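So this one's structure.tsv, TSV, C-alpha atoms:
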chain	number	residue	atom	x	y	z
A	86	MET	CA	171.78	39.70	346.16
A	87	ILE	CA	175.28	38.26	345.89
A	88	GLU	CA	176.07	35.88	348.70
A	89	LYS	CA	179.51	34.38	348.45
A	90	TYR	CA	182.69	35.91	347.06
A	91	PRO	CA	185.58	33.68	346.02
A	92	SER	CA	188.09	36.12	347.57
A	93	GLU	CA	188.18	38.27	350.67
A	94	LEU	CA	190.13	40.97	348.81
A	95	LEU	CA	187.40	41.10	346.20
A	96	GLN	CA	184.67	41.10	348.83
A	97	ASN	CA	186.30	43.99	350.71
A	98	ALA	CA	186.62	46.04	347.52
A	99	VAL	CA	183.05	45.30	346.48
A	100	GLU	CA	181.74	46.23	349.93
A	101	ALA	CA	183.74	49.47	349.87
A	102	ILE	CA	182.42	50.42	346.43
A	103	GLY	CA	178.92	49.28	347.37
A	104	SER	CA	178.95	51.68	350.33
A	105	LEU	CA	178.67	54.57	347.87
A	106	PRO	CA	175.13	55.95	347.61
A	107	GLY	CA	173.16	54.49	344.71
A	108	VAL	CA	175.66	51.70	344.01
A	109	GLY	CA	174.20	48.23	344.57
A	110	SER	CA	176.20	45.06	345.12
A	111	ARG	CA	175.90	44.01	341.48
A	112	SER	CA	177.19	47.36	340.21
A	113	ALA	CA	179.90	47.32	342.85
A	114	LEU	CA	181.12	43.92	341.65
A	115	ARG	CA	181.05	45.13	338.06
A	116	LEU	CA	183.10	48.21	338.99
A	117	ALA	CA	185.56	46.15	341.09
A	118	MET	CA	186.09	43.79	338.14
A	119	HIS	CA	186.57	46.77	335.85
A	120	LEU	CA	189.27	48.18	338.14
A	121	LEU	CA	190.88	44.74	338.37
A	122	ASN	CA	191.15	44.63	334.58
A	123	GLN	CA	192.98	47.97	334.52
A	124	PRO	CA	196.76	48.37	334.79
A	125	LYS	CA	197.75	48.87	338.44
A	126	GLU	CA	198.95	52.43	337.70
A	127	ASN	CA	195.44	53.40	336.59
A	128	VAL	CA	193.96	52.04	339.80
A	129	HIS	CA	196.52	53.93	341.89
A	130	HIS	CA	195.82	57.09	339.90
A	131	PHE	CA	192.12	56.56	340.68
A	132	THR	CA	192.60	56.06	344.42
A	133	ASP	CA	195.22	58.81	344.69
A	134	ALA	CA	192.83	61.37	343.21
A	135	ILE	CA	190.22	60.44	345.81
A	136	ASN	CA	192.70	60.38	348.71
A	137	ARG	CA	194.13	63.76	347.73
A	138	LEU	CA	190.65	65.27	347.62
A	139	ALA	CA	189.90	63.97	351.11
A	140	ASP	CA	193.32	64.90	352.56
A	141	GLU	CA	194.05	68.25	350.96
A	142	VAL	CA	190.65	69.86	350.40
A	143	GLN	CA	190.42	73.50	351.47
A	144	TYR	CA	187.56	75.94	351.64
A	145	CYS	CA	187.24	79.57	350.60
A	146	PRO	CA	187.34	81.62	353.85
A	147	GLU	CA	184.66	83.96	352.46
A	148	CYS	CA	181.96	81.73	350.92
A	149	MET	CA	183.04	78.29	352.28
A	150	MET	CA	183.13	76.78	348.81
A	151	ILE	CA	185.80	74.18	348.00
A	152	SER	CA	188.84	76.13	346.84
A	153	ASP	CA	192.41	74.97	346.28
A	154	ASN	CA	194.12	78.00	347.77
A	155	GLY	CA	192.55	80.83	349.71
A	156	LEU	CA	189.76	82.96	348.23
A	157	CYS	CA	187.84	81.08	345.54
A	158	SER	CA	187.76	82.32	341.96
A	159	ILE	CA	184.26	83.75	342.39
A	160	CYS	CA	184.94	85.65	345.63
A	161	SER	CA	188.18	87.05	344.19
A	162	ASP	CA	186.47	88.18	340.97
A	163	ARG	CA	186.04	91.97	341.24
A	164	HIS	CA	183.57	91.96	338.35
A	165	ARG	CA	181.03	89.91	340.32
A	166	ASP	CA	178.30	91.66	342.30
A	167	HIS	CA	179.44	91.27	345.92
A	168	ARG	CA	176.21	92.84	347.21
A	169	THR	CA	174.22	89.74	346.27
A	170	ILE	CA	174.91	86.52	348.18
A	171	CYS	CA	173.25	83.32	347.01
A	172	VAL	CA	173.01	80.77	349.85
A	173	VAL	CA	173.22	77.18	348.59
A	174	GLU	CA	173.50	73.74	350.11
A	175	ASN	CA	176.69	72.59	348.40
A	176	VAL	CA	179.22	73.15	345.64
A	177	ARG	CA	177.08	71.17	343.19
A	178	ASP	CA	174.41	73.84	343.50
A	179	VAL	CA	177.02	76.54	342.84
A	180	MET	CA	178.02	74.74	339.67
A	181	SER	CA	174.38	74.32	338.60
A	182	ILE	CA	173.70	78.03	339.06
A	183	GLU	CA	176.97	79.02	337.36
A	184	ASN	CA	175.94	76.85	334.41
A	185	THR	CA	172.77	78.91	333.94
A	186	GLY	CA	174.92	81.96	333.16
A	187	GLN	CA	172.16	84.05	334.80
A	188	TYR	CA	173.87	84.97	338.06
A	189	ARG	CA	176.62	87.56	338.62
A	190	GLY	CA	176.58	87.69	342.43
A	191	VAL	CA	178.57	85.64	344.92
A	192	TYR	CA	177.71	82.57	347.00
A	193	HIS	CA	177.62	81.17	350.48
A	194	VAL	CA	177.94	77.39	350.69
A	195	LEU	CA	176.20	75.88	353.74
A	196	GLY	CA	177.86	72.47	353.41
A	197	GLY	CA	174.58	70.67	353.98
A	198	ILE	CA	171.00	71.17	355.02
A	199	ILE	CA	169.28	71.01	358.41
A	200	SER	CA	168.02	67.46	358.78
A	201	PRO	CA	167.09	66.07	362.19
A	202	ILE	CA	166.77	62.58	360.66
A	203	ALA	CA	170.36	62.66	359.39
A	204	GLY	CA	171.49	64.29	362.64
A	205	ILE	CA	172.52	67.55	360.95
A	206	GLY	CA	171.79	70.66	362.98
A	207	PRO	CA	172.44	74.37	362.29
A	208	SER	CA	175.84	74.19	364.00
A	209	ASP	CA	177.01	71.61	361.45
A	210	LEU	CA	176.48	74.14	358.67
A	211	THR	CA	178.22	77.44	357.90
A	212	ILE	CA	175.29	79.59	359.07
A	213	ARG	CA	177.40	81.29	361.77
A	214	GLN	CA	179.96	82.19	359.09
A	215	LEU	CA	177.17	83.67	356.95
A	216	VAL	CA	175.98	85.88	359.82
A	217	GLU	CA	179.55	87.01	360.56
A	218	ARG	CA	180.13	87.68	356.86
A	219	LEU	CA	177.04	89.89	356.69
A	220	GLN	CA	178.07	91.71	359.87
A	221	ARG	CA	181.51	92.38	358.36
A	222	LEU	CA	179.81	93.83	355.25
A	223	LYS	CA	177.98	96.59	357.13
A	224	GLU	CA	179.60	99.26	355.01
A	225	TYR	CA	177.73	97.95	351.96
A	226	PRO	CA	174.83	99.99	350.52
A	227	ASP	CA	171.18	99.29	351.18
A	228	ASP	CA	170.74	97.03	348.19
A	229	MET	CA	172.48	94.12	349.94
A	230	GLU	CA	170.52	90.94	349.16
A	231	VAL	CA	170.65	87.35	350.36
A	232	ILE	CA	169.02	84.81	348.05
A	233	LEU	CA	168.04	81.57	349.79
A	234	ALA	CA	168.49	79.07	346.95
A	235	LEU	CA	167.60	75.90	348.83
A	236	SER	CA	165.66	72.79	347.89
A	237	GLY	CA	161.87	72.93	347.94
A	238	ASP	CA	161.56	70.01	350.37
A	239	VAL	CA	160.95	70.10	354.12
A	240	GLU	CA	164.67	70.23	354.98
A	241	GLY	CA	165.24	73.07	352.54
A	242	GLU	CA	162.27	75.06	353.84
A	243	THR	CA	163.34	74.48	357.45
A	244	THR	CA	166.88	75.60	356.71
A	245	ALA	CA	165.68	78.67	354.82
A	246	PHE	CA	163.39	79.63	357.70
A	247	TYR	CA	166.20	79.15	360.26
A	248	ILE	CA	168.61	81.31	358.25
A	249	TYR	CA	165.94	83.95	357.73
A	250	ARG	CA	165.45	84.23	361.48
A	251	GLN	CA	169.21	84.59	361.98
A	252	ILE	CA	169.72	87.36	359.43
A	253	ALA	CA	166.39	89.22	359.31
A	254	SER	CA	167.53	91.62	362.03
A	255	LEU	CA	170.65	92.62	360.04
A	256	GLY	CA	168.58	94.69	357.64
A	257	VAL	CA	169.45	92.83	354.46
A	258	LYS	CA	166.88	92.01	351.83
A	259	VAL	CA	166.15	88.26	351.88
A	260	SER	CA	164.65	86.56	348.84
A	261	ALA	CA	164.06	82.99	347.72
A	262	LEU	CA	164.03	81.19	344.39
A	263	ALA	CA	160.80	81.47	342.39
A	264	ARG	CA	158.75	78.28	342.56
A	265	GLY	CA	156.36	77.24	339.85
A	266	LEU	CA	155.94	75.18	336.75
A	267	GLY	CA	159.19	74.52	334.89
A	268	PHE	CA	159.61	75.87	331.37
A	269	GLY	CA	158.10	73.33	328.98
A	270	ASP	CA	156.20	71.62	331.81
A	271	ASP	CA	152.82	70.17	331.02
A	272	LEU	CA	149.99	71.45	333.27
A	273	GLU	CA	148.42	68.02	333.27
A	274	TYR	CA	151.46	66.37	334.86
A	275	ALA	CA	152.36	69.08	337.39
A	276	ASP	CA	151.91	68.15	341.05
A	277	ALA	CA	149.09	69.96	342.85
A	278	LEU	CA	151.37	71.87	345.23
A	279	THR	CA	153.56	73.29	342.47
A	280	LEU	CA	150.58	74.15	340.29
A	281	GLY	CA	148.83	75.80	343.25
A	282	ARG	CA	151.88	77.91	344.08
A	283	SER	CA	152.28	78.82	340.42
A	284	LEU	CA	148.74	80.19	340.47
A	285	VAL	CA	149.11	82.10	343.74
A	286	ASN	CA	152.43	83.60	342.64
A	287	ARG	CA	151.27	84.39	339.11
A	288	GLN	CA	153.20	87.14	337.35
A	289	PRO	CA	152.32	89.91	334.89
A	290	PHE	CA	152.14	88.54	331.36
A	291	LYS	CA	155.01	89.83	329.22
A	292	PRO	CA	154.14	89.44	325.56
B	1278	MET	CA	177.60	68.50	331.18
B	1279	ILE	CA	179.56	70.15	333.96
B	1280	GLU	CA	182.05	72.67	332.65
B	1281	LYS	CA	183.97	74.35	335.41
B	1282	TYR	CA	185.05	72.99	338.78
B	1283	PRO	CA	185.98	75.35	341.60
B	1284	SER	CA	188.92	73.15	342.59
B	1285	GLU	CA	191.48	71.09	340.70
B	1286	LEU	CA	191.50	68.47	343.48
B	1287	LEU	CA	187.75	68.08	343.07
B	1288	GLN	CA	188.02	67.98	339.30
B	1289	ASN	CA	190.71	65.26	339.40
B	1290	ALA	CA	188.62	63.14	341.77
B	1291	VAL	CA	185.47	63.61	339.69
B	1292	GLU	CA	187.32	62.70	336.50
B	1293	ALA	CA	188.79	59.60	338.16
B	1294	ILE	CA	185.38	58.47	339.40
B	1295	GLY	CA	183.76	59.41	336.08
B	1296	SER	CA	186.20	57.11	334.28
B	1297	LEU	CA	184.34	54.11	335.74
B	1298	PRO	CA	181.96	52.49	333.25
B	1299	GLY	CA	178.39	53.73	333.56
B	1300	VAL	CA	179.27	56.66	335.84
B	1301	GLY	CA	178.54	60.05	334.24
B	1302	SER	CA	180.02	63.36	335.33
B	1303	ARG	CA	176.98	64.27	337.43
B	1304	SER	CA	177.05	60.98	339.34
B	1305	ALA	CA	180.82	61.28	339.70
B	1306	LEU	CA	180.45	64.71	341.28
B	1307	ARG	CA	177.74	63.39	343.60
B	1308	LEU	CA	179.98	60.48	344.65
B	1309	ALA	CA	183.02	62.75	345.12
B	1310	MET	CA	180.95	65.06	347.36
B	1311	HIS	CA	179.72	62.03	349.29
B	1312	LEU	CA	183.30	60.88	349.91
B	1313	LEU	CA	184.28	64.43	350.88
B	1314	ASN	CA	181.55	64.43	353.52
B	1315	GLN	CA	182.90	61.21	355.05
B	1316	PRO	CA	185.54	61.07	357.78
B	1317	LYS	CA	189.01	60.75	356.20
B	1318	GLU	CA	189.45	57.25	357.69
B	1319	ASN	CA	186.42	56.02	355.75
B	1320	VAL	CA	187.83	57.39	352.51
B	1321	HIS	CA	191.19	55.74	353.18
B	1322	HIS	CA	189.44	52.49	354.01
B	1323	PHE	CA	187.61	52.79	350.68
B	1324	THR	CA	190.74	53.44	348.61
B	1325	ASP	CA	192.82	50.86	350.53
B	1326	ALA	CA	190.31	48.11	349.74
B	1327	ILE	CA	190.56	48.96	346.04
B	1328	ASN	CA	194.36	49.27	346.06
B	1329	ARG	CA	194.76	45.96	347.88
B	1330	LEU	CA	192.53	44.20	345.36
B	1331	ALA	CA	194.65	45.56	342.49
B	1332	ASP	CA	197.99	44.90	344.19
B	1333	GLU	CA	197.45	41.56	345.88
B	1334	VAL	CA	194.95	39.73	343.72
B	1335	GLN	CA	195.86	36.09	342.95
B	1336	TYR	CA	194.30	33.48	340.75
B	1337	CYS	CA	193.53	29.82	341.30
B	1338	PRO	CA	196.19	27.86	339.36
B	1339	GLU	CA	193.56	25.30	338.32
B	1340	CYS	CA	190.51	27.29	337.16
B	1341	MET	CA	192.02	30.84	336.98
B	1342	MET	CA	189.34	32.28	339.24
B	1343	ILE	CA	190.27	35.02	341.71
B	1344	SER	CA	191.48	33.25	344.84
B	1345	ASP	CA	193.28	34.62	347.88
B	1346	ASN	CA	195.71	31.74	348.34
B	1347	GLY	CA	196.33	28.86	345.97
B	1348	LEU	CA	193.54	26.52	344.88
B	1349	CYS	CA	190.13	28.20	345.09
B	1350	SER	CA	187.43	26.86	347.39
B	1351	ILE	CA	185.60	25.23	344.48
B	1352	CYS	CA	188.63	23.46	342.98
B	1353	SER	CA	189.70	22.25	346.42
B	1354	ASP	CA	186.22	20.91	347.25
B	1355	ARG	CA	186.38	17.11	346.88
B	1356	HIS	CA	182.60	16.88	346.86
B	1357	ARG	CA	182.32	18.81	343.58
B	1358	ASP	CA	182.18	16.95	340.29
B	1359	HIS	CA	185.63	17.50	338.78
B	1360	ARG	CA	184.65	15.74	335.55
B	1361	THR	CA	182.47	18.68	334.52
B	1362	ILE	CA	184.16	21.99	333.72
B	1363	CYS	CA	182.01	25.04	333.09
B	1364	VAL	CA	183.86	27.64	330.99
B	1365	VAL	CA	182.81	31.21	331.84
B	1366	GLU	CA	183.95	34.69	330.94
B	1367	ASN	CA	184.64	36.00	334.45
B	1368	VAL	CA	184.19	35.56	338.19
B	1369	ARG	CA	180.81	37.33	338.07
B	1370	ASP	CA	179.50	34.50	335.91
B	1371	VAL	CA	180.84	31.95	338.44
B	1372	MET	CA	178.93	33.75	341.19
B	1373	SER	CA	175.76	33.89	339.08
B	1374	ILE	CA	175.91	30.15	338.39
B	1375	GLU	CA	176.77	29.34	342.02
B	1376	ASN	CA	173.73	31.37	343.05
B	1377	THR	CA	171.46	29.09	341.02
B	1378	GLY	CA	172.43	26.17	343.27
B	1379	GLN	CA	172.04	23.93	340.17
B	1380	TYR	CA	175.68	23.21	339.41
B	1381	ARG	CA	178.04	20.86	341.22
B	1382	GLY	CA	180.91	20.80	338.73
B	1383	VAL	CA	184.00	23.03	338.58
B	1384	TYR	CA	184.83	26.09	336.47
B	1385	HIS	CA	187.34	27.56	334.11
B	1386	VAL	CA	187.46	31.36	334.08
B	1387	LEU	CA	188.59	32.83	330.74
B	1388	GLY	CA	189.20	36.32	332.11
B	1389	GLY	CA	187.41	37.92	329.19
B	1390	ILE	CA	185.93	37.21	325.79
B	1391	ILE	CA	187.43	37.35	322.27
B	1392	SER	CA	186.64	40.82	320.97
B	1393	PRO	CA	188.57	42.22	317.99
B	1394	ILE	CA	186.98	45.64	318.63
B	1395	ALA	CA	188.32	45.76	322.20
B	1396	GLY	CA	191.64	44.29	321.01
B	1397	ILE	CA	191.20	41.07	323.01
B	1398	GLY	CA	192.47	37.97	321.24
B	1399	PRO	CA	192.58	34.30	322.30
B	1400	SER	CA	196.08	34.74	323.79
B	1401	ASP	CA	194.73	37.34	326.25
B	1402	LEU	CA	192.41	34.71	327.73
B	1403	THR	CA	193.15	31.52	329.66
B	1404	ILE	CA	192.30	29.21	326.73
B	1405	ARG	CA	195.81	27.70	326.66
B	1406	GLN	CA	195.47	26.92	330.38
B	1407	LEU	CA	192.14	25.19	329.68
B	1408	VAL	CA	193.69	22.99	326.99
B	1409	GLU	CA	196.62	22.12	329.28
B	1410	ARG	CA	194.22	21.39	332.12
B	1411	LEU	CA	192.24	18.98	329.96
B	1412	GLN	CA	195.44	17.32	328.76
B	1413	ARG	CA	196.54	16.83	332.38
B	1414	LEU	CA	193.17	15.21	333.14
B	1415	LYS	CA	193.59	12.38	330.61
B	1416	GLU	CA	193.18	9.75	333.31
B	1417	TYR	CA	189.56	10.86	333.82
B	1418	PRO	CA	186.75	8.59	332.59
B	1419	ASP	CA	184.84	9.09	329.33
B	1420	ASP	CA	182.13	11.25	330.88
B	1421	MET	CA	184.40	14.31	330.99
B	1422	GLU	CA	182.36	17.33	329.88
B	1423	VAL	CA	183.14	20.95	329.09
B	1424	ILE	CA	180.17	23.32	329.23
B	1425	LEU	CA	180.68	26.52	327.27
B	1426	ALA	CA	178.63	28.97	329.35
B	1427	LEU	CA	179.31	32.14	327.37
B	1428	SER	CA	177.14	35.08	326.37
B	1429	GLY	CA	174.77	34.71	323.46
B	1430	ASP	CA	176.23	37.67	321.56
B	1431	VAL	CA	178.71	37.63	318.67
B	1432	GLU	CA	181.76	37.76	320.96
B	1433	GLY	CA	180.43	34.90	323.07
B	1434	GLU	CA	179.64	32.74	320.03
B	1435	THR	CA	183.05	33.49	318.50
B	1436	THR	CA	184.84	32.57	321.72
B	1437	ALA	CA	182.80	29.38	322.11
B	1438	PHE	CA	183.60	28.36	318.54
B	1439	TYR	CA	187.30	29.08	319.01
B	1440	ILE	CA	187.46	27.03	322.21
B	1441	TYR	CA	185.51	24.20	320.60
B	1442	ARG	CA	188.11	23.99	317.83
B	1443	GLN	CA	190.92	23.88	320.39
B	1444	ILE	CA	189.46	21.11	322.53
B	1445	ALA	CA	187.37	19.04	320.10
B	1446	SER	CA	190.32	16.78	319.32
B	1447	LEU	CA	190.85	15.94	323.00
B	1448	GLY	CA	187.83	13.65	323.04
B	1449	VAL	CA	185.83	15.50	325.70
B	1450	LYS	CA	182.12	16.08	325.40
B	1451	VAL	CA	181.46	19.78	324.71
B	1452	SER	CA	178.07	21.32	325.47
B	1453	ALA	CA	176.60	24.80	325.61
B	1454	LEU	CA	173.93	26.53	327.68
B	1455	ALA	CA	170.35	26.01	326.51
B	1456	ARG	CA	168.96	29.09	324.76
B	1457	GLY	CA	165.30	29.92	324.70
B	1458	LEU	CA	162.56	31.93	326.29
B	1459	GLY	CA	163.20	32.73	329.94
B	1460	PHE	CA	160.85	31.33	332.57
B	1461	GLY	CA	157.95	33.73	332.91
B	1462	ASP	CA	158.79	35.42	329.60
B	1463	ASP	CA	155.93	36.65	327.47
B	1464	LEU	CA	155.90	35.30	323.91
B	1465	GLU	CA	154.71	38.64	322.63
B	1466	TYR	CA	157.79	40.47	323.88
B	1467	ALA	CA	160.45	37.87	323.00
B	1468	ASP	CA	162.89	38.83	320.27
B	1469	ALA	CA	162.54	36.92	317.01
B	1470	LEU	CA	165.93	35.18	317.25
B	1471	THR	CA	165.29	33.84	320.75
B	1472	LEU	CA	161.75	32.76	319.89
B	1473	GLY	CA	162.98	31.09	316.71
B	1474	ARG	CA	165.67	29.14	318.56
B	1475	SER	CA	163.18	28.20	321.25
B	1476	LEU	CA	161.02	26.64	318.54
B	1477	VAL	CA	163.86	24.83	316.79
B	1478	ASN	CA	165.23	23.49	320.09
B	1479	ARG	CA	161.82	22.57	321.48
B	1480	GLN	CA	161.88	19.89	324.18
B	1481	PRO	CA	159.57	17.02	325.16
B	1482	PHE	CA	156.69	18.30	327.28
B	1483	LYS	CA	156.96	17.12	330.89
B	1484	PRO	CA	153.59	17.44	332.57
Output the structure of this file as structure tokens.
Amino acid sequence: MIEKYPSELLQNAVEAIGSLPGVGSRSALRLAMHLLNQPKENVHHFTDAINRLADEVQYCPECMMISDNGLCSICSDRHRDHRTICVVENVRDVMSIENTGQYRGVYHVLGGIISPIAGIGPSDLTIRQLVERLQRLKEYPDDMEVILALSGDVEGETTAFYIYRQIASLGVKVSALARGLGFGDDLEYADALTLGRSLVNRQPFKP
Amino acid sequence: MIEKYPSELLQNAVEAIGSLPGVGSRSALRLAMHLLNQPKENVHHFTDAINRLADEVQYCPECMMISDNGLCSICSDRHRDHRTICVVENVRDVMSIENTGQYRGVYHVLGGIISPIAGIGPSDLTIRQLVERLQRLKEYPDDMEVILALSGDVEGETTAFYIYRQIASLGVKVSALARGLGFGDDLEYADALTLGRSLVNRQPFKP
């Protein structure tokens, strides 16, 4: 632990950087010194990019994903399957799923996960917007599907259950991500819960 | 590797954060999302602290350490031993040595290390200021000492050698940090060079 800084300016910068999750005081000092060794213009470019994100961020009115102007590129893509909505916690999850190249539907970004410990309740998320969106889509055919693609932890399960209760009455099909051993996973090192679920949810062998 | 961002604002912020040393694109996205989830005032507080450090930083005219106004707290401390100057690469090293509680002398901060690969030559460091400082101190007694407390890598050794050549003629005692096995280090896991030097520089046993 670093105790005494030779300069208040340095201390303030280190404390600001150290407030980021996963950045300790040693790393923060290293990063502050790195920024100090840069030309001022680079530092201003760095802080401007962050300020602009915070000040000017906008969200897609349909799926609530970050979007620079109006409908996001996915919601405005007519070639995507708009009958399948994948509900995710945040934009990082959207990017992870997009990277798989396996999904052609659209998304709904919750903006977080229900967590009593962190003080995040259902009203802090975009669950109401999801319900309204589904209600607006009544003219869609029967094969409307909502995929709850949330984390496998307690918060994720709680959130999935809450959303399910909100939308079950709307008559849409609700599914969840398959859980089981990862591809390439070693049986020996799998945790008991995952292995157990993998057994219970076993699937027909496709040779 | 993340390929496609849903927003240019987000992408710019992630690229700015990802330009920091040791921060990959995944961490940068995580940090950008963290900042986005903060109140705007917190983000501005964060960027202001960094901007102020870059814009208003000053250096101690004596030892070249970061200092908010004039002489730093160490150089202006009359109880420190001003006949012993410890030459270090940067302010982080000053803080590390101060944390040991074993040093009562003063410092000279080089502001970097000679590194042809990084394009840093002697004139980019405060070596000239060190020579001038020693020349100013001629009235000091014979026990004037300069400790070269630089890294043990090639750059550190090169810099130490260069400084030695600049100040050897001034008649000051020049010393370097002891190198050897760390306290608690296991012989088995020590690298050959360190172990070899530890043997060559063996010291009288003090029971």
Pick out the closest residue to chain B from this set: A:Gly265, A:Gly197, A:Gly256, A:Pro146. Count all atoms listed in the file.
A:Gly197
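Minimum distance to chain A across B:Ser1296, B:Thr1324, B:Ser1304, B:Ser1353 (counting all atoms listed in the file) occurs at B:Thr1324.
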Rows by chain and residue number, chain B within 8 Å of chain A, shortest pair, all atoms listed in the file, as JSON lines:
{"residue": "B:Ile1279", "atom": "CA", "partner": "A:Met180", "partner_atom": "CA", "distance": 7.5}
{"residue": "B:Glu1280", "atom": "CA", "partner": "A:Asn184", "partner_atom": "CA", "distance": 7.6}
{"residue": "B:Lys1281", "atom": "CA", "partner": "A:Met180", "partner_atom": "CA", "distance": 7.3}
{"residue": "B:Tyr1282", "atom": "CA", "partner": "A:Met180", "partner_atom": "CA", "distance": 7.3}
{"residue": "B:Pro1283", "atom": "CA", "partner": "A:Ser152", "partner_atom": "CA", "distance": 6.0}
{"residue": "B:Ser1284", "atom": "CA", "partner": "A:Ser152", "partner_atom": "CA", "distance": 5.2}
{"residue": "B:Glu1285", "atom": "CA", "partner": "A:Asp153", "partner_atom": "CA", "distance": 6.9}
{"residue": "B:Leu1286", "atom": "CA", "partner": "A:Leu138", "partner_atom": "CA", "distance": 5.3}
{"residue": "B:Leu1287", "atom": "CA", "partner": "A:Leu138", "partner_atom": "CA", "distance": 6.1}
{"residue": "B:Asn1289", "atom": "CA", "partner": "A:Ala134", "partner_atom": "CA", "distance": 5.8}
{"residue": "B:Ala1290", "atom": "CA", "partner": "A:Ala134", "partner_atom": "CA", "distance": 4.8}
{"residue": "B:Ala1293", "atom": "CA", "partner": "A:Phe131", "partner_atom": "CA", "distance": 5.2}
{"residue": "B:Ile1294", "atom": "CA", "partner": "A:Phe131", "partner_atom": "CA", "distance": 7.1}
{"residue": "B:Leu1297", "atom": "CA", "partner": "A:Leu116", "partner_atom": "CA", "distance": 6.8}
{"residue": "B:Pro1298", "atom": "CA", "partner": "A:Leu116", "partner_atom": "CA", "distance": 7.3}
{"residue": "B:Leu1306", "atom": "CA", "partner": "A:Arg177", "partner_atom": "CA", "distance": 7.5}
{"residue": "B:Arg1307", "atom": "CA", "partner": "A:Arg177", "partner_atom": "CA", "distance": 7.8}
{"residue": "B:Leu1308", "atom": "CA", "partner": "A:Leu105", "partner_atom": "CA", "distance": 6.9}
{"residue": "B:Ala1309", "atom": "CA", "partner": "A:Ile135", "partner_atom": "CA", "distance": 7.6}
{"residue": "B:His1311", "atom": "CA", "partner": "A:Leu105", "partner_atom": "CA", "distance": 7.7}
{"residue": "B:Leu1312", "atom": "CA", "partner": "A:Ala139", "partner_atom": "CA", "distance": 7.4}
{"residue": "B:Leu1313", "atom": "CA", "partner": "A:Ala139", "partner_atom": "CA", "distance": 5.6}
{"residue": "B:Lys1317", "atom": "CA", "partner": "A:Ala139", "partner_atom": "CA", "distance": 6.1}
{"residue": "B:Val1320", "atom": "CA", "partner": "A:Asn136", "partner_atom": "CA", "distance": 6.9}
{"residue": "B:His1321", "atom": "CA", "partner": "A:Asn136", "partner_atom": "CA", "distance": 6.6}
{"residue": "B:His1322", "atom": "CA", "partner": "A:Ala101", "partner_atom": "CA", "distance": 7.7}
{"residue": "B:Phe1323", "atom": "CA", "partner": "A:Ala101", "partner_atom": "CA", "distance": 5.2}
{"residue": "B:Thr1324", "atom": "CA", "partner": "A:Thr132", "partner_atom": "CA", "distance": 5.3}
{"residue": "B:Ala1326", "atom": "CA", "partner": "A:Ala98", "partner_atom": "CA", "distance": 4.8}
{"residue": "B:Ile1327", "atom": "CA", "partner": "A:Ala98", "partner_atom": "CA", "distance": 5.1}
{"residue": "B:Asn1328", "atom": "CA", "partner": "A:His129", "partner_atom": "CA", "distance": 6.6}
{"residue": "B:Arg1329", "atom": "CA", "partner": "A:Leu94", "partner_atom": "CA", "distance": 6.9}
{"residue": "B:Leu1330", "atom": "CA", "partner": "A:Leu94", "partner_atom": "CA", "distance": 5.3}
{"residue": "B:Ala1331", "atom": "CA", "partner": "A:Leu121", "partner_atom": "CA", "distance": 5.6}
{"residue": "B:Asp1332", "atom": "CA", "partner": "A:Lys125", "partner_atom": "CA", "distance": 7.0}
{"residue": "B:Glu1333", "atom": "CA", "partner": "A:Leu94", "partner_atom": "CA", "distance": 7.9}
{"residue": "B:Val1334", "atom": "CA", "partner": "A:Leu94", "partner_atom": "CA", "distance": 7.1}
{"residue": "B:Met1342", "atom": "CA", "partner": "A:Pro91", "partner_atom": "CA", "distance": 7.9}
{"residue": "B:Ile1343", "atom": "CA", "partner": "A:Ser92", "partner_atom": "CA", "distance": 6.3}
{"residue": "B:Ser1344", "atom": "CA", "partner": "A:Ser92", "partner_atom": "CA", "distance": 5.2}
{"residue": "B:Asp1345", "atom": "CA", "partner": "A:Ser92", "partner_atom": "CA", "distance": 5.4}
{"residue": "B:Cys1349", "atom": "CA", "partner": "A:Pro91", "partner_atom": "CA", "distance": 7.2}
{"residue": "B:Ser1350", "atom": "CA", "partner": "A:Pro91", "partner_atom": "CA", "distance": 7.2}
{"residue": "B:Arg1369", "atom": "CA", "partner": "A:Leu114", "partner_atom": "CA", "distance": 7.5}
{"residue": "B:Met1372", "atom": "CA", "partner": "A:Tyr90", "partner_atom": "CA", "distance": 7.3}
{"residue": "B:Asn1376", "atom": "CA", "partner": "A:Glu88", "partner_atom": "CA", "distance": 7.6}
Around (167.5, 76.4, 347.8), as given in the file, which residues come within 8 Å? Count all atoms listed in the file and list them as a list in words.
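Protein, DNA and RNA residues close to (167.5, 76.4, 347.8): Val172, Val173, Glu174, Leu233, Ala234, Leu235, Ser236, Gly237, Gly241, Ala245, Ala261 and Leu262 of chain A.
We find CA of Arg165 in chain A and CA of Tyr249 in chain A to be spaced 23.8 Å apart.
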What is the CA of Pro1393 in chain B to CA of Glu1432 in chain B distance in Å?
8.7 Å
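In this structure, CA of Gly1347 in chain B sits 19.0 Å away from CA of Leu1414 in chain B.
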